[in-house]
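**Student:** Dropping a structure here in C-alpha cells format, bear with me for questions.
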Amino acid sequence: MKKNLIYFLTCFFSLSFTVEIIAQNKDSKLNIIVIGAHPDDADNKFGGTAALFAEMGHNVKFVSVTNGDAGHFNKGGGHLAKIRRKEAEESAKRLGIKEYTVLDNHDGELLPTLDVRHQIIREIRNWNADVVLSPRPADYHPDHRYTGILVQDAAYLVIVPNVTPDTPPLEKNPVFLYLEDHFQKPYPFQPDIVIDITSTFEKKMEALSAHESQMFEWLPWTNNKLEDVPAGKNERREFMSKNWSGSITSDEREALKKWYGEKKGEAINYAESFEICEYGRQPTEEEIKELFPMLNKK
Amino acid sequence: MKNIIFFILIIACGISVNGQNEVNQPLRIIAIGAHPDDLDQQMGGTAALFSEMGHHVKFVSVTNGDAGHFNKGGGHLAKIRRAEAAEAAKRLGIDAYTVLDNHDGELLPTLTVRHQIIREIRNWNADIVITHRPVDYHPDHRYTGIIVQDAAYLVIVPNITPDTPPLKKNPVFLYLEDDFQKPYPFQPDIAVDITDVFDKKISAHDAHKSQMYEWLPWVNKQLANVPEQSDKKLEWLKENWTLPITPKVRQSLIKWYGKKKGEKILHAEAFEICEYGRQPSKKEILQLFPMLNLKE
C-alpha cells in the first residue's frame, strides 16, 4: 500500500513538474522575444499580440537586428539610427512591452555572420525565452531573409554551452515561430497559430505611428505617395488603419475558427498569424495554449 | 467627350509607368550570369530578338571565368574569355557584355559583389533583370542568384550604394530556366519563341571557343569528338545545344502564342517571375516582352 502510494506521489509530482516546465520562469510569466530586421518590423507583425501578452503581465521584448540607418530618402547613417532608436522606445511604451533593443548593425547590409549569430544567441538566452519569433527566410528584403536565417542558426545552439560561452545556455529549447508574409516560394506561409488582436488593434496602430520617419516619410516615399500623407493627428490615425490593417486570408480564417470556435472565429476583424518553425521545440496543441494564454479566453 | 479624354489619359499613364522610360522608349534589359557564356546559353535567342526590335540589352558575367579550362587559367584565361564575350555580344547584336573581375569558382554573396550588382542594375536603368535561380549545380550560379535577389529591393533605396543614384521604379526580376526539382521546379511563367534567331544564338556559342570546343567537351570526355572544320563545328553545336522543350514550357508557349503556333515552335527560352521586385500583370508582361505580341 505504502509502496503504491509513494509510486503514485512520484508520478503525480513528476507530472506536475512536466506541466510547470512549459515556461522557463517559475512564476509562470512567459518570456517572449521577437527578432525583426528593422526597428518597426516586429511592431508591424506582432504588435497586437505583444500588447495582449503585456496586458496579461507577460514579458515581451522586441529586438531589431539592424539600426535602420538606411531607411530614409533624405536622412541616413548614425543620425537616422538615433531617430529610429527613439521611435522604437516610444513604440514599446505604447504597446506596454518591457524592452525594445536596437542592435547596431547596418541596415541593408545584414549578412548571416557568426558575429551577428552570437549577438542573437545572447539576446535569446538573456531573455530566458519561452517563445522566439522572426521573419521567414523568404521575404522581399535581404535583411528580413538573413534575420530569418540567423535566428534559425541560433535555434539549436541556444542550448549548447560551448557556443557563445560568455552567456549561459538555456535549460530548455524555446519554441521558434515565424511572422507572417505573403510569399509563395518555396512554400506559402502556414498560419499554425492565429491571434485575435481586435482588442489591441488601436494600441498597435498607435505603436506603428510612433515610427514617424517610416510611416509618414520613408514608406510613403518608396510608394510615390508622399503627397498623400495627411498632417493632422486624426487624419494620420485614419491613414494608418487604411494602410496597415492587414487582411485575413482564407487560411487564417480557417485557423481562427479552429482556435476561437466557428462563431467567434468568423467575426474576428484583426489578427496576427504565426508558423511553427521546425527547428527548436515542437509544441503540442496543449503547449500552444499555455504559450498563448489569450487563446484560452473563450 | 471629356470622359474620352480622361479615359485616354488613364490608358497613357498605364503604359508609361511600365518601362523606366516614357512611352515608346526602348526597353532596357540587363541579364546577370555567373560566367562569360551562361547568358548566351540560356537567353541568347531572347536577347537577339530584343536587339532586333531596337531594345537595349546588356549581359553581365559576375565572374571572369578564370577557372573554366583544363590547361589554361588565371588572368590569361580571363583575357581570352573577355574577348570571346565581346565577340558573342557582337554576334547577338546586344549593346554590352561586361565581365566583372571576380574569380571563377570562388564567388560568395558578399557585400562587395552585391554593391557591384546594384551599380550595374542602376547604371543600366533596368526595366527587366534576369538571373539564375539560387538552385543550380554550380555554386557560382547559386550565389549569383542570391546576390541578385539581395539587390532586388535595395536598387530603389538611396542610402544603399549611395555613389550611384537609385532607380525610380523597381524592375521586374526574372529567373533563367534550369532543370532542378528542389525545393520546387522551375516555373516557365514566360516562354519566348526563338526559332527565328536560333542561328544567331548558335553563332554566339561559337564565339566562346575556349568553352564550346575545349573545356566543356573535356568535362564530358568528348574532346576527341569535336569537329575540325568550322561548318561542321556549327552543326555539332546545334546538335549539342538545342535545348529540349519540356511539357511545361510547351504549355507556356501555347498560352503566349496560341495553340496552333505554340505547338509548332522548335526553339524556346523560358523565364520565371521572381517574387522579389515588381510583380507584373499579364498586360505588363506583354509590354516588357513585345515579341510576344507579334501574332501571325
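Every chain in the C-alpha cells takes a letter, A first, then B, and so on in the order presented; its residues are numbered from 1, and the ligands are numbered from 1 following the presented order.
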Chain B residues within 10 Å of chain A, counting only C-alpha atoms: which ones, as a CSV table (one decimal) with N, CA and C atoms, in the first residue's frame?

**Tutor:**
chain,number,residue,atom,x,y,z
B,109,PRO,N,28.3,35.4,-51.8
B,109,PRO,CA,27.4,36.6,-51.7
B,109,PRO,C,27.8,37.7,-50.8
B,110,THR,N,28.9,38.3,-51.0
B,110,THR,CA,29.5,39.3,-50.1
B,110,THR,C,28.8,40.7,-50.4
B,111,LEU,N,29.0,41.6,-49.5
B,111,LEU,CA,28.5,43.0,-49.7
B,111,LEU,C,29.2,43.6,-50.9
B,114,ARG,N,27.6,42.4,-54.0
B,114,ARG,CA,26.2,43.0,-54.0
B,114,ARG,C,26.2,44.4,-54.5
B,115,HIS,N,27.2,45.2,-54.0
B,115,HIS,CA,27.3,46.6,-54.4
B,115,HIS,C,27.6,46.7,-55.9
B,146,ILE,N,21.5,34.5,-55.6
B,146,ILE,CA,21.3,35.1,-54.2
B,146,ILE,C,21.7,36.6,-54.3
B,147,ILE,N,22.8,36.9,-54.9
B,147,ILE,CA,23.3,38.3,-54.9
B,147,ILE,C,22.2,39.2,-55.7
B,149,GLN,N,19.0,38.5,-56.0
B,149,GLN,CA,17.8,38.6,-55.1
B,149,GLN,C,18.1,39.7,-54.0
B,150,ASP,N,19.3,39.7,-53.5
B,150,ASP,CA,19.6,40.6,-52.4
B,150,ASP,C,19.6,42.1,-52.9
B,151,ALA,N,19.9,42.2,-54.2
B,151,ALA,CA,19.9,43.6,-54.8
B,151,ALA,C,18.4,44.0,-55.2
B,152,ALA,N,17.5,43.1,-55.3
B,152,ALA,CA,16.2,43.3,-55.9
B,152,ALA,C,15.4,44.5,-55.3
B,153,TYR,N,15.4,44.5,-54.0
B,153,TYR,CA,14.7,45.6,-53.3
B,153,TYR,C,15.7,46.8,-53.2
B,154,LEU,N,16.9,46.6,-52.9
B,154,LEU,CA,17.8,47.6,-52.5
B,154,LEU,C,18.2,48.6,-53.6
B,156,ILE,N,16.3,50.4,-55.2
B,156,ILE,CA,15.5,51.6,-55.1
B,156,ILE,C,15.8,52.4,-53.8
B,157,VAL,N,16.7,52.0,-53.0
B,157,VAL,CA,17.0,52.6,-51.7
B,157,VAL,C,18.2,53.5,-51.8
B,158,PRO,N,18.0,54.9,-51.7
B,158,PRO,CA,19.0,55.8,-51.9
B,158,PRO,C,20.2,55.7,-50.9
B,159,ASN,N,20.0,55.3,-49.7
B,159,ASN,CA,21.1,55.2,-48.7
B,159,ASN,C,22.0,54.0,-49.0
B,160,ILE,N,21.6,53.1,-49.9
B,160,ILE,CA,22.4,51.9,-50.2
B,160,ILE,C,23.2,52.1,-51.4
B,161,THR,N,24.5,51.8,-51.4
B,161,THR,CA,25.4,52.1,-52.5
B,161,THR,C,25.2,53.5,-53.0
B,168,LYS,N,14.2,54.8,-60.0
B,168,LYS,CA,12.9,55.4,-59.6
B,168,LYS,C,11.8,54.3,-59.5
B,169,LYS,N,12.0,53.3,-60.3
B,169,LYS,CA,11.0,52.2,-60.2
B,169,LYS,C,11.6,50.8,-60.1
B,170,ASN,N,11.1,50.0,-59.3
B,170,ASN,CA,11.6,48.7,-59.1
B,170,ASN,C,11.4,47.9,-60.4
B,182,LYS,N,14.2,20.7,-56.7
B,182,LYS,CA,14.0,21.0,-55.3
B,182,LYS,C,14.6,22.4,-55.0
B,183,PRO,N,14.0,23.2,-54.1
B,183,PRO,CA,12.8,22.9,-53.4
B,183,PRO,C,11.5,22.9,-54.2
B,184,TYR,N,11.6,23.5,-55.4
B,184,TYR,CA,10.4,23.4,-56.3
B,184,TYR,C,11.0,23.5,-57.7
B,185,PRO,N,10.3,22.9,-58.7
B,185,PRO,CA,10.8,23.0,-60.1
B,185,PRO,C,10.6,24.4,-60.7
B,274,CYS,N,10.4,36.3,-60.5
B,274,CYS,CA,10.9,36.2,-59.1
B,274,CYS,C,9.9,37.0,-58.2
B,275,GLU,N,9.7,36.5,-57.0
B,275,GLU,CA,8.7,37.2,-56.1
B,275,GLU,C,9.2,38.5,-55.5
B,276,TYR,N,10.6,38.7,-55.6
B,276,TYR,CA,11.1,40.0,-55.2
B,276,TYR,C,11.2,40.9,-56.4
B,277,GLY,N,11.1,42.2,-56.2
B,277,GLY,CA,11.0,43.1,-57.4
B,277,GLY,C,9.5,43.2,-57.7

**Student:** Would you mind listing what lies within 10 Å of Pro139 in chain B as a list of chain:residue names, with only C-alpha atoms counted and same-chain residues fewer than 4 positions away left out?

**Tutor:** B:Ala34, B:Gly105, B:Glu106, B:Leu107, B:Leu108, B:Pro134, B:Val135, B:Tyr143, B:Thr144, B:Gly145

**Student:** Mind dumping the selected residues with N, CA and C atoms as a PDB file, in the first residue's frame?

**Tutor:**
ATOM      1  N   ALA B  34      26.692  33.988 -64.084  1.00  0.00           N
ATOM      2  CA  ALA B  34      27.885  33.753 -63.274  1.00  0.00           C
ATOM      3  C   ALA B  34      29.158  33.774 -64.112  1.00  0.00           C
ATOM      4  N   GLY B 105      34.569  30.234 -59.716  1.00  0.00           N
ATOM      5  CA  GLY B 105      34.618  29.126 -58.758  1.00  0.00           C
ATOM      6  C   GLY B 105      34.831  29.563 -57.323  1.00  0.00           C
ATOM      7  N   GLU B 106      34.866  30.880 -57.090  1.00  0.00           N
ATOM      8  CA  GLU B 106      35.092  31.377 -55.728  1.00  0.00           C
ATOM      9  C   GLU B 106      34.084  32.455 -55.347  1.00  0.00           C
ATOM     10  N   LEU B 107      32.979  32.533 -56.089  1.00  0.00           N
ATOM     11  CA  LEU B 107      32.015  33.592 -55.819  1.00  0.00           C
ATOM     12  C   LEU B 107      31.288  33.341 -54.498  1.00  0.00           C
ATOM     13  N   LEU B 108      31.162  34.385 -53.689  1.00  0.00           N
ATOM     14  CA  LEU B 108      30.368  34.325 -52.463  1.00  0.00           C
ATOM     15  C   LEU B 108      29.460  35.553 -52.441  1.00  0.00           C
ATOM     16  N   PRO B 134      18.547  30.542 -57.335  1.00  0.00           N
ATOM     17  CA  PRO B 134      19.566  30.146 -56.353  1.00  0.00           C
ATOM     18  C   PRO B 134      19.618  28.626 -56.206  1.00  0.00           C
ATOM     19  N   VAL B 135      19.096  27.916 -57.205  1.00  0.00           N
ATOM     20  CA  VAL B 135      19.107  26.460 -57.222  1.00  0.00           C
ATOM     21  C   VAL B 135      19.764  26.081 -58.536  1.00  0.00           C
ATOM     22  N   TYR B 143      25.067  31.490 -56.087  1.00  0.00           N
ATOM     23  CA  TYR B 143      25.358  32.741 -55.393  1.00  0.00           C
ATOM     24  C   TYR B 143      25.052  33.958 -56.255  1.00  0.00           C
ATOM     25  N   THR B 144      25.168  33.809 -57.582  1.00  0.00           N
ATOM     26  CA  THR B 144      24.733  34.908 -58.452  1.00  0.00           C
ATOM     27  C   THR B 144      23.240  35.157 -58.234  1.00  0.00           C
ATOM     28  N   GLY B 145      22.460  34.064 -58.181  1.00  0.00           N
ATOM     29  CA  GLY B 145      21.019  34.188 -57.916  1.00  0.00           C
ATOM     30  C   GLY B 145      20.753  34.897 -56.597  1.00  0.00           C
TER      31      GLY B 145
END

**Student:** Would you list the contacts of Arg85 in chain A as a ChimeraX atom specification, taking every protein, DNA or RNA residue within 9 Å and counting only C-alpha atoms, but skipping same-chain residues closer than 5 positions in sequence?

**Tutor:** /A:39,67-68,80,90,100-102

**Student:** What does the file look like for those residues with C-alpha atoms, as a tab-separated table (two decimals), in the first residue's frame?

**Tutor:**
chain	number	residue	atom	x	y	z
A	39	PRO	CA	13.10	48.99	-35.83
A	67	ASN	CA	19.75	50.01	-36.55
A	68	GLY	CA	17.63	51.11	-39.52
A	80	LEU	CA	18.84	58.31	-38.69
A	90	GLU	CA	8.17	55.25	-27.90
A	100	TYR	CA	12.94	47.30	-27.42
A	101	THR	CA	16.62	46.66	-28.18
A	102	VAL	CA	18.09	48.06	-31.40

**Student:** Using backbone DSSP assignments, extract all alpha helix (DSSP H) residues from range 116-296 of chain B; output them as an mmCIF file with N, CA and C atoms, in the first residue's frame.

**Tutor:**
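Produced file part26.cif, reproduced below:
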data_model
loop_
_atom_site.group_PDB
_atom_site.id
_atom_site.type_symbol
_atom_site.label_atom_id
_atom_site.label_comp_id
_atom_site.auth_asym_id
_atom_site.auth_seq_id
_atom_site.Cartn_x
_atom_site.Cartn_y
_atom_site.Cartn_z
ATOM 1 N N GLN B 116 28.486 45.812 -56.423
ATOM 2 C CA GLN B 116 28.799 45.804 -57.870
ATOM 3 C C GLN B 116 27.512 45.584 -58.680
ATOM 4 N N ILE B 117 26.710 44.635 -58.222
ATOM 5 C CA ILE B 117 25.485 44.267 -58.955
ATOM 6 C C ILE B 117 24.460 45.404 -58.879
ATOM 7 N N ILE B 118 24.323 46.006 -57.695
ATOM 8 C CA ILE B 118 23.394 47.140 -57.549
ATOM 9 C C ILE B 118 23.786 48.248 -58.523
ATOM 10 N N ARG B 119 25.101 48.524 -58.620
ATOM 11 C CA ARG B 119 25.562 49.570 -59.549
ATOM 12 C C ARG B 119 25.238 49.207 -60.991
ATOM 13 N N GLU B 120 25.466 47.936 -61.378
ATOM 14 C CA GLU B 120 25.184 47.511 -62.755
ATOM 15 C C GLU B 120 23.703 47.714 -63.094
ATOM 16 N N ILE B 121 22.826 47.297 -62.208
ATOM 17 C CA ILE B 121 21.378 47.389 -62.466
ATOM 18 C C ILE B 121 20.945 48.858 -62.543
ATOM 19 N N ARG B 122 21.466 49.668 -61.609
ATOM 20 C CA ARG B 122 21.103 51.096 -61.608
ATOM 21 C C ARG B 122 21.650 51.811 -62.835
ATOM 22 N N ASN B 123 22.928 51.572 -63.156
ATOM 23 C CA ASN B 123 23.530 52.282 -64.284
ATOM 24 C C ASN B 123 22.874 51.913 -65.606
ATOM 25 N N PRO B 139 28.022 26.376 -57.701
ATOM 26 C CA PRO B 139 27.854 27.357 -56.621
ATOM 27 C C PRO B 139 27.864 28.803 -57.131
ATOM 28 N N ASP B 140 28.669 29.088 -58.163
ATOM 29 C CA ASP B 140 28.688 30.460 -58.704
ATOM 30 C C ASP B 140 27.307 30.853 -59.251
ATOM 31 N N HIS B 141 26.592 29.895 -59.841
ATOM 32 C CA HIS B 141 25.233 30.188 -60.321
ATOM 33 C C HIS B 141 24.316 30.493 -59.131
ATOM 34 N N ARG B 142 24.387 29.633 -58.118
ATOM 35 C CA ARG B 142 23.510 29.825 -56.957
ATOM 36 C C ARG B 142 23.776 31.169 -56.287
ATOM 37 N N TYR B 143 25.067 31.490 -56.087
ATOM 38 C CA TYR B 143 25.358 32.741 -55.393
ATOM 39 C C TYR B 143 25.052 33.958 -56.255
ATOM 40 N N THR B 144 25.168 33.809 -57.582
ATOM 41 C CA THR B 144 24.733 34.908 -58.452
ATOM 42 C C THR B 144 23.240 35.157 -58.234
ATOM 43 N N GLY B 145 22.460 34.064 -58.181
ATOM 44 C CA GLY B 145 21.019 34.188 -57.916
ATOM 45 C C GLY B 145 20.753 34.897 -56.597
ATOM 46 N N ILE B 146 21.501 34.517 -55.563
ATOM 47 C CA ILE B 146 21.292 35.127 -54.239
ATOM 48 C C ILE B 146 21.697 36.599 -54.253
ATOM 49 N N ILE B 147 22.811 36.904 -54.897
ATOM 50 C CA ILE B 147 23.273 38.296 -54.934
ATOM 51 C C ILE B 147 22.244 39.177 -55.653
ATOM 52 N N VAL B 148 21.692 38.682 -56.754
ATOM 53 C CA VAL B 148 20.694 39.481 -57.483
ATOM 54 C C VAL B 148 19.414 39.607 -56.652
ATOM 55 N N GLN B 149 18.995 38.534 -55.997
ATOM 56 C CA GLN B 149 17.842 38.623 -55.089
ATOM 57 C C GLN B 149 18.097 39.692 -54.021
ATOM 58 N N ASP B 150 19.305 39.685 -53.464
ATOM 59 C CA ASP B 150 19.625 40.640 -52.405
ATOM 60 C C ASP B 150 19.597 42.077 -52.918
ATOM 61 N N ALA B 151 19.881 42.246 -54.212
ATOM 62 C CA ALA B 151 19.862 43.588 -54.800
ATOM 63 C C ALA B 151 18.440 44.029 -55.167
ATOM 64 N N ALA B 152 17.521 43.057 -55.279
ATOM 65 C CA ALA B 152 16.220 43.326 -55.921
ATOM 66 C C ALA B 152 15.447 44.466 -55.259
ATOM 67 N N TYR B 153 15.414 44.506 -53.953
ATOM 68 C CA TYR B 153 14.726 45.624 -53.298
ATOM 69 C C TYR B 153 15.652 46.828 -53.151
ATOM 70 N N LEU B 154 16.925 46.556 -52.864
ATOM 71 C CA LEU B 154 17.836 47.643 -52.498
ATOM 72 C C LEU B 154 18.154 48.606 -53.648
ATOM 73 N N PHE B 198 17.613 31.373 -83.846
ATOM 74 C CA PHE B 198 18.385 30.245 -83.307
ATOM 75 C C PHE B 198 19.807 30.207 -83.889
ATOM 76 N N ASP B 199 19.944 30.512 -85.187
ATOM 77 C CA ASP B 199 21.280 30.500 -85.798
ATOM 78 C C ASP B 199 22.200 31.552 -85.175
ATOM 79 N N LYS B 200 21.608 32.715 -84.848
ATOM 80 C CA LYS B 200 22.396 33.757 -84.170
ATOM 81 C C LYS B 200 22.886 33.259 -82.814
ATOM 82 N N LYS B 201 21.995 32.572 -82.129
ATOM 83 C CA LYS B 201 22.350 32.051 -80.810
ATOM 84 C C LYS B 201 23.509 31.055 -80.929
ATOM 85 N N ILE B 202 23.423 30.163 -81.896
ATOM 86 C CA ILE B 202 24.490 29.172 -82.098
ATOM 87 C C ILE B 202 25.795 29.877 -82.484
ATOM 88 N N SER B 203 25.672 30.918 -83.290
ATOM 89 C CA SER B 203 26.864 31.673 -83.690
ATOM 90 C C SER B 203 27.515 32.334 -82.470
ATOM 91 N N ALA B 204 26.690 32.798 -81.513
ATOM 92 C CA ALA B 204 27.233 33.380 -80.279
ATOM 93 C C ALA B 204 27.931 32.303 -79.449
ATOM 94 N N HIS B 205 27.353 31.102 -79.406
ATOM 95 C CA HIS B 205 28.018 29.981 -78.713
ATOM 96 C C HIS B 205 29.398 29.742 -79.328
ATOM 97 N N ASP B 206 29.439 29.789 -80.652
ATOM 98 C CA ASP B 206 30.682 29.532 -81.396
ATOM 99 C C ASP B 206 31.789 30.534 -81.013
ATOM 100 N N ALA B 207 31.368 31.719 -80.571
ATOM 101 C CA ALA B 207 32.356 32.727 -80.157
ATOM 102 C C ALA B 207 33.111 32.287 -78.894
ATOM 103 N N LYS B 209 34.940 29.906 -77.900
ATOM 104 C CA LYS B 209 35.700 28.744 -78.379
ATOM 105 C C LYS B 209 36.350 27.966 -77.227
ATOM 106 N N LEU B 216 34.227 22.462 -72.133
ATOM 107 C CA LEU B 216 33.008 21.674 -71.891
ATOM 108 C C LEU B 216 33.101 20.260 -72.485
ATOM 109 N N PRO B 217 33.628 20.101 -73.734
ATOM 110 C CA PRO B 217 33.839 18.730 -74.223
ATOM 111 C C PRO B 217 34.821 17.949 -73.337
ATOM 112 N N TRP B 218 35.848 18.629 -72.826
ATOM 113 C CA TRP B 218 36.806 17.958 -71.936
ATOM 114 C C TRP B 218 36.106 17.417 -70.692
ATOM 115 N N VAL B 219 35.226 18.245 -70.080
ATOM 116 C CA VAL B 219 34.476 17.831 -68.887
ATOM 117 C C VAL B 219 33.654 16.580 -69.200
ATOM 118 N N SER B 230 34.959 24.512 -89.619
ATOM 119 C CA SER B 230 34.073 25.451 -88.920
ATOM 120 C C SER B 230 32.595 25.173 -89.204
ATOM 121 N N ASP B 231 32.225 24.757 -90.422
ATOM 122 C CA ASP B 231 30.803 24.470 -90.676
ATOM 123 C C ASP B 231 30.354 23.225 -89.902
ATOM 124 N N LYS B 232 31.239 22.252 -89.822
ATOM 125 C CA LYS B 232 30.919 21.038 -89.032
ATOM 126 C C LYS B 232 30.783 21.395 -87.550
ATOM 127 N N LYS B 233 31.617 22.346 -87.119
ATOM 128 C CA LYS B 233 31.551 22.785 -85.719
ATOM 129 C C LYS B 233 30.171 23.357 -85.392
ATOM 130 N N LEU B 234 29.660 24.191 -86.297
ATOM 131 C CA LEU B 234 28.340 24.792 -86.063
ATOM 132 C C LEU B 234 27.260 23.714 -86.004
ATOM 133 N N GLU B 235 27.355 22.717 -86.909
ATOM 134 C CA GLU B 235 26.401 21.601 -86.887
ATOM 135 C C GLU B 235 26.460 20.879 -85.542
ATOM 136 N N TRP B 236 27.691 20.660 -85.117
ATOM 137 C CA TRP B 236 27.939 19.962 -83.852
ATOM 138 C C TRP B 236 27.355 20.752 -82.666
ATOM 139 N N LEU B 237 27.522 22.083 -82.706
ATOM 140 C CA LEU B 237 26.945 22.928 -81.652
ATOM 141 C C LEU B 237 25.428 22.801 -81.638
ATOM 142 N N LYS B 238 24.823 22.831 -82.826
ATOM 143 C CA LYS B 238 23.361 22.718 -82.909
ATOM 144 C C LYS B 238 22.883 21.414 -82.296
ATOM 145 N N GLU B 239 23.627 20.336 -82.612
ATOM 146 C CA GLU B 239 23.256 19.026 -82.051
ATOM 147 C C GLU B 239 23.318 19.040 -80.534
ATOM 148 N N ASN B 240 24.354 19.694 -80.012
ATOM 149 C CA ASN B 240 24.579 19.625 -78.566
ATOM 150 C C ASN B 240 23.866 20.702 -77.749
ATOM 151 N N TRP B 241 23.478 21.795 -78.395
ATOM 152 C CA TRP B 241 22.943 22.926 -77.645
ATOM 153 C C TRP B 241 21.503 23.276 -77.988
ATOM 154 N N PRO B 247 7.327 19.720 -71.326
ATOM 155 C CA PRO B 247 5.865 19.871 -71.443
ATOM 156 C C PRO B 247 5.366 21.190 -70.822
ATOM 157 N N LYS B 248 5.965 21.608 -69.706
ATOM 158 C CA LYS B 248 5.525 22.855 -69.058
ATOM 159 C C LYS B 248 5.856 24.079 -69.916
ATOM 160 N N VAL B 249 7.055 24.055 -70.542
ATOM 161 C CA VAL B 249 7.423 25.167 -71.428
ATOM 162 C C VAL B 249 6.479 25.182 -72.639
ATOM 163 N N ARG B 250 6.150 23.989 -73.126
ATOM 164 C CA ARG B 250 5.214 23.912 -74.269
ATOM 165 C C ARG B 250 3.857 24.542 -73.886
ATOM 166 N N GLN B 251 3.382 24.234 -72.683
ATOM 167 C CA GLN B 251 2.110 24.818 -72.228
ATOM 168 C C GLN B 251 2.194 26.345 -72.201
ATOM 169 N N SER B 252 3.337 26.828 -71.727
ATOM 170 C CA SER B 252 3.523 28.275 -71.643
ATOM 171 C C SER B 252 3.562 28.887 -73.048
ATOM 172 N N LEU B 253 4.238 28.207 -73.983
ATOM 173 C CA LEU B 253 4.290 28.705 -75.374
ATOM 174 C C LEU B 253 2.874 28.796 -75.943
ATOM 175 N N ILE B 254 2.056 27.772 -75.668
ATOM 176 C CA ILE B 254 0.668 27.770 -76.164
ATOM 177 C C ILE B 254 -0.110 28.923 -75.531
ATOM 178 N N LYS B 255 0.160 29.152 -74.245
ATOM 179 C CA LYS B 255 -0.518 30.263 -73.558
ATOM 180 C C LYS B 255 -0.189 31.602 -74.235
ATOM 181 N N TRP B 256 1.101 31.810 -74.564
ATOM 182 C CA TRP B 256 1.514 33.126 -75.061
ATOM 183 C C TRP B 256 1.342 33.276 -76.570
ATOM 184 N N TYR B 257 1.430 32.152 -77.337
ATOM 185 C CA TYR B 257 1.397 32.262 -78.800
ATOM 186 C C TYR B 257 0.137 31.653 -79.422
ATOM 187 N N LYS B 259 -2.643 28.123 -79.510
ATOM 188 C CA LYS B 259 -2.454 26.679 -79.632
ATOM 189 C C LYS B 259 -1.728 26.305 -80.927
ATOM 190 N N LYS B 260 -2.182 26.909 -82.037
ATOM 191 C CA LYS B 260 -1.672 26.487 -83.339
ATOM 192 C C LYS B 260 -0.168 26.763 -83.463
ATOM 193 N N LYS B 261 0.204 28.016 -83.164
ATOM 194 C CA LYS B 261 1.626 28.368 -83.285
ATOM 195 C C LYS B 261 2.445 27.725 -82.154
ATOM 196 N N GLY B 262 1.894 27.792 -80.942
ATOM 197 C CA GLY B 262 2.620 27.317 -79.762
ATOM 198 C C GLY B 262 3.048 25.864 -79.867
ATOM 199 N N GLU B 263 2.221 25.049 -80.512
ATOM 200 C CA GLU B 263 2.547 23.618 -80.616
ATOM 201 C C GLU B 263 3.699 23.351 -81.574
ATOM 202 N N LYS B 264 3.918 24.281 -82.501
ATOM 203 C CA LYS B 264 4.902 24.016 -83.559
ATOM 204 C C LYS B 264 6.294 24.613 -83.302
ATOM 205 N N LYS B 282 -0.316 40.478 -66.591
ATOM 206 C CA LYS B 282 -0.151 39.880 -67.919
ATOM 207 C C LYS B 282 0.062 40.981 -68.966
ATOM 208 N N LYS B 283 -0.677 42.086 -68.772
ATOM 209 C CA LYS B 283 -0.558 43.206 -69.708
ATOM 210 C C LYS B 283 0.866 43.786 -69.682
ATOM 211 N N GLU B 284 1.416 43.906 -68.481
ATOM 212 C CA GLU B 284 2.786 44.428 -68.362
ATOM 213 C C GLU B 284 3.799 43.467 -68.975
ATOM 214 N N ILE B 285 3.563 42.166 -68.811
ATOM 215 C CA ILE B 285 4.484 41.191 -69.408
ATOM 216 C C ILE B 285 4.503 41.376 -70.927
ATOM 217 N N LEU B 286 3.321 41.598 -71.501
ATOM 218 C CA LEU B 286 3.247 41.796 -72.956
ATOM 219 C C LEU B 286 3.979 43.070 -73.379
ATOM 220 N N GLN B 287 4.014 44.068 -72.501
ATOM 221 C CA GLN B 287 4.753 45.295 -72.829
ATOM 222 C C GLN B 287 6.255 45.105 -72.649
ATOM 223 N N LEU B 288 6.620 44.289 -71.664
ATOM 224 C CA LEU B 288 8.047 44.063 -71.398
ATOM 225 C C LEU B 288 8.661 43.033 -72.351
#

**Student:** Could you name the residues that touch Leu223 in chain B at 12 Å or less, counting only C-alpha atoms, but leaving out those on the same chain fewer than 5 positions away, as a short mmCIF file (atom, residue, chain, number, x, y, z; two decimals) with N, CA and C atoms, in the first residue's frame?

**Tutor:**
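Everything below was put into around37.cif:
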data_model
loop_
_atom_site.label_atom_id
_atom_site.label_comp_id
_atom_site.auth_asym_id
_atom_site.auth_seq_id
_atom_site.Cartn_x
_atom_site.Cartn_y
_atom_site.Cartn_z
N PHE B 70 41.04 23.26 -68.74
CA PHE B 70 41.88 22.18 -68.20
C PHE B 70 43.37 22.43 -68.38
N SER B 210 36.91 28.69 -76.25
CA SER B 210 37.59 28.01 -75.14
C SER B 210 36.62 27.12 -74.36
N GLN B 211 35.35 27.45 -74.45
CA GLN B 211 34.35 26.68 -73.71
C GLN B 211 33.71 25.60 -74.57
N MET B 212 33.20 26.03 -75.73
CA MET B 212 32.41 25.13 -76.56
C MET B 212 33.25 24.01 -77.17
N TYR B 213 34.52 24.31 -77.52
CA TYR B 213 35.34 23.31 -78.23
C TYR B 213 36.48 22.76 -77.37
N GLU B 214 36.63 23.30 -76.17
CA GLU B 214 37.75 22.83 -75.33
C GLU B 214 37.27 22.37 -73.95
N TRP B 215 36.89 23.32 -73.11
CA TRP B 215 36.59 23.00 -71.71
C TRP B 215 35.36 22.09 -71.54
N LEU B 216 34.23 22.46 -72.13
CA LEU B 216 33.01 21.67 -71.89
C LEU B 216 33.10 20.26 -72.48
N PRO B 217 33.63 20.10 -73.73
CA PRO B 217 33.84 18.73 -74.22
C PRO B 217 34.82 17.95 -73.34
N TRP B 218 35.85 18.63 -72.83
CA TRP B 218 36.81 17.96 -71.94
C TRP B 218 36.11 17.42 -70.69
N GLU B 228 36.75 19.45 -86.79
CA GLU B 228 37.80 20.41 -87.14
C GLU B 228 37.27 21.59 -87.94
#

**Student:** Between CA of Leu292 in chain B and CA of His208 in chain B, what is the distance, to one decimal in Å?

**Tutor:**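 About the pair CA of Leu292 in chain B and CA of His208 in chain B: they are 29.0 Å apart.
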
**Student:** Nearest residue to Thr49 in chain A out of A:Glu252, A:Asp153, A:Asp196, A:Glu235, using only C-alpha atoms?

**Tutor:** A:Asp196

**Student:** So that I can check the surroundings of Ile273 in chain B, please list as a ChimeraX atom specification every protein, DNA and RNA residue that reaches within 9 Å of it, counting only C-alpha atoms and ignoring chain neighbours fewer than 6 positions away.

**Tutor:** /B:172-175,187-190,279-280

**Student:** Enumerate the residues of range 11-163 of chain A with a DSSP assignment of strand (DSSP E), computed from the backbone, and present them as a ChimeraX atom specification.

**Tutor:** /A:31-36,59-66,99-105,131-134
